Amino acid sequence: MSEDKKGRYNNLVRKRKECHACEGLGMRNPSAMVENGKFPDCDEVDAWAYWQNSLDADILLVGQEWGDTEGYRRFLEDMGHSWSETDDNLVKLFKSIDVDVRPRATGIKNSRLFFTNAALCLKVSKKGAQGETRPIWYRNCGQYIRELIDIIRPHAVIALGVESYNALAGTYHLRPHLGGKFSKMIDQSPSGFEVRIDRGFSARVFPVYHPARRVINSAKFGKGRSLEEMQVDWSRI
C-alpha cells in the first residue's frame, strides 16, 4: 500500500466524520456517538472495514448500511467479536470463489478484500436495524463510495442486495433495479456491469442477494435465493 493511498483514505475518513448531511433524516454519524470517550468514533470509512480493509484489495464488498446506533454500541462493547448468521454465510460465499475470510475476532485479514456499506452512518429508529431505509442516505454517501473505489481501484465490486446495487447504479449511472425479481437482473449480468474509474481503469459491479436468513428463507416461496443458488451467482465474480 502506497503512502498516497493511505493519505487519501485518511482524508476520506476525516470527511466522513465531519459529514452530518443525514442528521435529522434518520441517520447519525458514528462521530456523534462519542460519549466522554466511552464510545469512540469509527476510525475507518465504515465499521465493517474493521473486518476487511486492504487498500490494495481487488474485491470490494458493499453492503447496505451498518445498522442502528444501539447495534453499533454493542459492537464496540464486545470489540467486534459478535458473529451473525449473515457473517457465516458471507464466509461460505467467499469460500465458494476460493477467497479465504476469517472471523473478525481472529484479527486475520485478507489483502484481497475491503468491506464497507453504501450508507456510512447509523440508523436512528424505534425499529432498530430493521427500520426502513431512505434513498437520500445513499445519494449523500455516493461521493464517499466513489472516492473509496477511486482510491482502492478494485477489479470487482460486489453489491450486496438491491439497495446497495441501486446506490452504486446512481453513483455510476448504471441501470437501476426498479421492481420485480432482483434475480432477473442478476441473471442478465453474467459479467457484471462495467464502471469506468478513469481513462485507464475500470471495475465490474456484480449485484447479488444479501445472505441474510430472511432472504434465504424466502427462496422457499419463490423469492430470494437459497445459499446454494447464491453460490452460483457468486461464481460470476
# chains A, B, ... in the order shown; residues from 1 in each chain; ligands from 1

call {"tool": "select_by_dssp", "arguments": {"residues": "segment 28-230 of chain A", "states": "strand (DSSP E or B)", "output": "ChimeraX atom specification"}}
result
/A:28,53,59-65,68,113-119,122-123,156-160,193-198,201-208

call {"tool": "write_last_selection", "arguments": {"atoms": "N, CA and C atoms", "output": "mmCIF file, in the first residue's frame"}}
result
data_model
loop_
_atom_site.group_PDB
_atom_site.id
_atom_site.type_symbol
_atom_site.label_atom_id
_atom_site.label_comp_id
_atom_site.auth_asym_id
_atom_site.auth_seq_id
_atom_site.Cartn_x
_atom_site.Cartn_y
_atom_site.Cartn_z
ATOM 1 N N ARG A 28 -27.331 8.880 11.953
ATOM 2 C CA ARG A 28 -26.391 9.606 12.813
ATOM 3 C C ARG A 28 -24.974 9.143 12.504
ATOM 4 N N ASN A 53 -9.997 -4.524 5.350
ATOM 5 C CA ASN A 53 -9.735 -3.121 4.994
ATOM 6 C C ASN A 53 -8.450 -2.911 4.198
ATOM 7 N N ILE A 59 -11.144 -6.951 -4.541
ATOM 8 C CA ILE A 59 -12.581 -7.161 -4.369
ATOM 9 C C ILE A 59 -13.101 -6.226 -3.282
ATOM 10 N N LEU A 60 -14.075 -5.407 -3.630
ATOM 11 C CA LEU A 60 -14.729 -4.511 -2.670
ATOM 12 C C LEU A 60 -16.148 -5.001 -2.452
ATOM 13 N N LEU A 61 -16.480 -5.312 -1.208
ATOM 14 C CA LEU A 61 -17.834 -5.739 -0.850
ATOM 15 C C LEU A 61 -18.592 -4.543 -0.301
ATOM 16 N N VAL A 62 -19.728 -4.210 -0.918
ATOM 17 C CA VAL A 62 -20.527 -3.056 -0.493
ATOM 18 C C VAL A 62 -21.883 -3.536 0.002
ATOM 19 N N GLY A 63 -22.108 -3.413 1.307
ATOM 20 C CA GLY A 63 -23.391 -3.770 1.888
ATOM 21 C C GLY A 63 -24.348 -2.595 1.860
ATOM 22 N N GLN A 64 -25.439 -2.705 2.602
ATOM 23 C CA GLN A 64 -26.470 -1.663 2.600
ATOM 24 C C GLN A 64 -26.118 -0.555 3.591
ATOM 25 N N GLU A 65 -26.167 -0.860 4.863
ATOM 26 C CA GLU A 65 -25.746 0.065 5.921
ATOM 27 C C GLU A 65 -25.421 -0.783 7.146
ATOM 28 N N ASP A 68 -28.210 0.029 13.309
ATOM 29 C CA ASP A 68 -28.639 1.170 14.113
ATOM 30 C C ASP A 68 -27.603 1.537 15.169
ATOM 31 N N LEU A 113 -9.269 -8.020 0.063
ATOM 32 C CA LEU A 113 -10.629 -7.606 0.389
ATOM 33 C C LEU A 113 -10.718 -6.268 1.122
ATOM 34 N N PHE A 114 -11.801 -5.546 0.838
ATOM 35 C CA PHE A 114 -12.222 -4.375 1.615
ATOM 36 C C PHE A 114 -13.734 -4.465 1.731
ATOM 37 N N PHE A 115 -14.258 -4.294 2.971
ATOM 38 C CA PHE A 115 -15.700 -4.314 3.219
ATOM 39 C C PHE A 115 -16.168 -2.922 3.632
ATOM 40 N N THR A 116 -17.292 -2.486 3.093
ATOM 41 C CA THR A 116 -17.908 -1.235 3.521
ATOM 42 C C THR A 116 -19.401 -1.318 3.271
ATOM 43 N N ASN A 117 -20.107 -0.230 3.534
ATOM 44 C CA ASN A 117 -21.537 -0.140 3.258
ATOM 45 C C ASN A 117 -21.815 1.059 2.373
ATOM 46 N N ALA A 118 -22.948 1.039 1.696
ATOM 47 C CA ALA A 118 -23.303 2.128 0.787
ATOM 48 C C ALA A 118 -23.768 3.372 1.544
ATOM 49 N N ALA A 119 -24.358 3.182 2.727
ATOM 50 C CA ALA A 119 -24.717 4.287 3.618
ATOM 51 C C ALA A 119 -23.811 4.172 4.843
ATOM 52 N N LEU A 122 -25.380 5.594 10.889
ATOM 53 C CA LEU A 122 -26.139 4.634 11.685
ATOM 54 C C LEU A 122 -27.610 5.033 11.771
ATOM 55 N N LYS A 123 -28.490 4.051 11.646
ATOM 56 C CA LYS A 123 -29.919 4.322 11.738
ATOM 57 C C LYS A 123 -30.308 4.777 13.143
ATOM 58 N N ALA A 156 -13.339 -6.022 -8.880
ATOM 59 C CA ALA A 156 -14.727 -6.450 -8.706
ATOM 60 C C ALA A 156 -15.348 -5.720 -7.518
ATOM 61 N N VAL A 157 -16.559 -5.221 -7.712
ATOM 62 C CA VAL A 157 -17.338 -4.590 -6.638
ATOM 63 C C VAL A 157 -18.599 -5.426 -6.458
ATOM 64 N N ILE A 158 -18.745 -6.037 -5.299
ATOM 65 C CA ILE A 158 -19.908 -6.882 -5.023
ATOM 66 C C ILE A 158 -20.972 -6.037 -4.325
ATOM 67 N N ALA A 159 -22.111 -5.872 -4.985
ATOM 68 C CA ALA A 159 -23.220 -5.092 -4.426
ATOM 69 C C ALA A 159 -24.167 -6.042 -3.708
ATOM 70 N N LEU A 160 -24.193 -5.956 -2.384
ATOM 71 C CA LEU A 160 -24.920 -6.910 -1.559
ATOM 72 C C LEU A 160 -26.371 -6.455 -1.362
ATOM 73 N N PHE A 193 -21.493 -5.353 -14.385
ATOM 74 C CA PHE A 193 -21.653 -4.099 -15.112
ATOM 75 C C PHE A 193 -20.352 -3.307 -15.004
ATOM 76 N N GLU A 194 -19.856 -2.847 -16.127
ATOM 77 C CA GLU A 194 -18.598 -2.101 -16.122
ATOM 78 C C GLU A 194 -18.813 -0.674 -15.633
ATOM 79 N N VAL A 195 -17.926 -0.218 -14.757
ATOM 80 C CA VAL A 195 -17.919 1.181 -14.331
ATOM 81 C C VAL A 195 -16.521 1.723 -14.577
ATOM 82 N N ARG A 196 -16.448 2.891 -15.199
ATOM 83 C CA ARG A 196 -15.173 3.500 -15.536
ATOM 84 C C ARG A 196 -14.653 4.298 -14.346
ATOM 85 N N ILE A 197 -13.452 3.953 -13.879
ATOM 86 C CA ILE A 197 -12.837 4.688 -12.771
ATOM 87 C C ILE A 197 -12.099 5.897 -13.318
ATOM 88 N N ASP A 198 -11.305 5.679 -14.320
ATOM 89 C CA ASP A 198 -10.658 6.756 -15.066
ATOM 90 C C ASP A 198 -10.360 6.219 -16.460
ATOM 91 N N PHE A 201 -8.617 2.695 -16.315
ATOM 92 C CA PHE A 201 -9.010 1.607 -15.412
ATOM 93 C C PHE A 201 -10.526 1.565 -15.249
ATOM 94 N N SER A 202 -11.065 0.351 -15.197
ATOM 95 C CA SER A 202 -12.489 0.164 -14.938
ATOM 96 C C SER A 202 -12.674 -1.021 -13.999
ATOM 97 N N ALA A 203 -13.806 -1.076 -13.346
ATOM 98 C CA ALA A 203 -14.153 -2.169 -12.445
ATOM 99 C C ALA A 203 -15.482 -2.758 -12.904
ATOM 100 N N ARG A 204 -15.830 -3.913 -12.352
ATOM 101 C CA ARG A 204 -17.102 -4.541 -12.681
ATOM 102 C C ARG A 204 -17.928 -4.685 -11.409
ATOM 103 N N VAL A 205 -19.176 -4.229 -11.499
ATOM 104 C CA VAL A 205 -20.107 -4.303 -10.373
ATOM 105 C C VAL A 205 -20.972 -5.549 -10.542
ATOM 106 N N PHE A 206 -21.003 -6.391 -9.505
ATOM 107 C CA PHE A 206 -21.789 -7.619 -9.535
ATOM 108 C C PHE A 206 -22.917 -7.545 -8.505
ATOM 109 N N PRO A 207 -24.175 -7.409 -8.944
ATOM 110 C CA PRO A 207 -25.291 -7.453 -7.995
ATOM 111 C C PRO A 207 -25.518 -8.879 -7.510
ATOM 112 N N VAL A 208 -25.692 -9.044 -6.202
ATOM 113 C CA VAL A 208 -26.004 -10.348 -5.611
ATOM 114 C C VAL A 208 -27.010 -10.137 -4.482
#

call {"tool": "residues_around", "arguments": {"residues": "Ser235 of chain A", "least_positions_apart": "6", "cutoff": "10 Å", "atoms": "only C-alpha atoms", "output": "list in words"}}
result
Leu93, Phe94, Ser96, Ile97, Asp98 and Pro190 of chain A

call {"tool": "write_last_selection", "arguments": {"atoms": "C-alpha atoms", "output": "tab-separated table (two decimals), in the first residue's frame"}}
result
chain	number	residue	atom	x	y	z
A	93	LEU	CA	-19.86	-17.50	-0.22
A	94	PHE	CA	-16.31	-16.20	-0.39
A	96	SER	CA	-17.08	-20.79	-2.91
A	97	ILE	CA	-14.92	-18.46	-5.06
A	98	ASP	CA	-11.67	-19.54	-3.33
A	190	PRO	CA	-23.22	-12.75	-16.19

call {"tool": "select_by_dssp", "arguments": {"residues": "chain A", "states": "alpha helix (DSSP H)", "output": "PyMOL selection string"}}
result
chain A and resi 3-18+69-77+85-96+135-152+162-172+182-187+213-217+227-234

call {"tool": "closest_residue", "arguments": {"among": "A:Tyr209, A:Tyr165, A:Tyr50, A:Phe182", "to": "Leu76 of chain A", "atoms": "only C-alpha atoms"}}
result
A:Tyr50

call {"tool": "closest_residue", "arguments": {"among": "A:Ala167, A:Leu120, A:Leu90, A:Ile136", "to": "His210 of chain A", "atoms": "only C-alpha atoms"}}
result
A:Leu90

call {"tool": "residues_around", "arguments": {"residues": "Leu55 of chain A", "least_positions_apart": "6", "cutoff": "8 Å", "atoms": "only C-alpha atoms", "output": "PyMOL selection string"}}
result
chain A and resi 1+5-6+114+151-152

call {"tool": "residues_around", "arguments": {"residues": "Glu70 of chain A", "least_positions_apart": "4", "cutoff": "12 Å", "atoms": "only C-alpha atoms", "output": "PyMOL selection string"}}
result
chain A and resi 28+30+33+39+66+74-77+122-129

call {"tool": "closest_residue", "arguments": {"among": "A:Met27, A:Ile149, A:Ile108, A:Met185", "to": "Val162 of chain A", "atoms": "only C-alpha atoms"}}
result
A:Met185
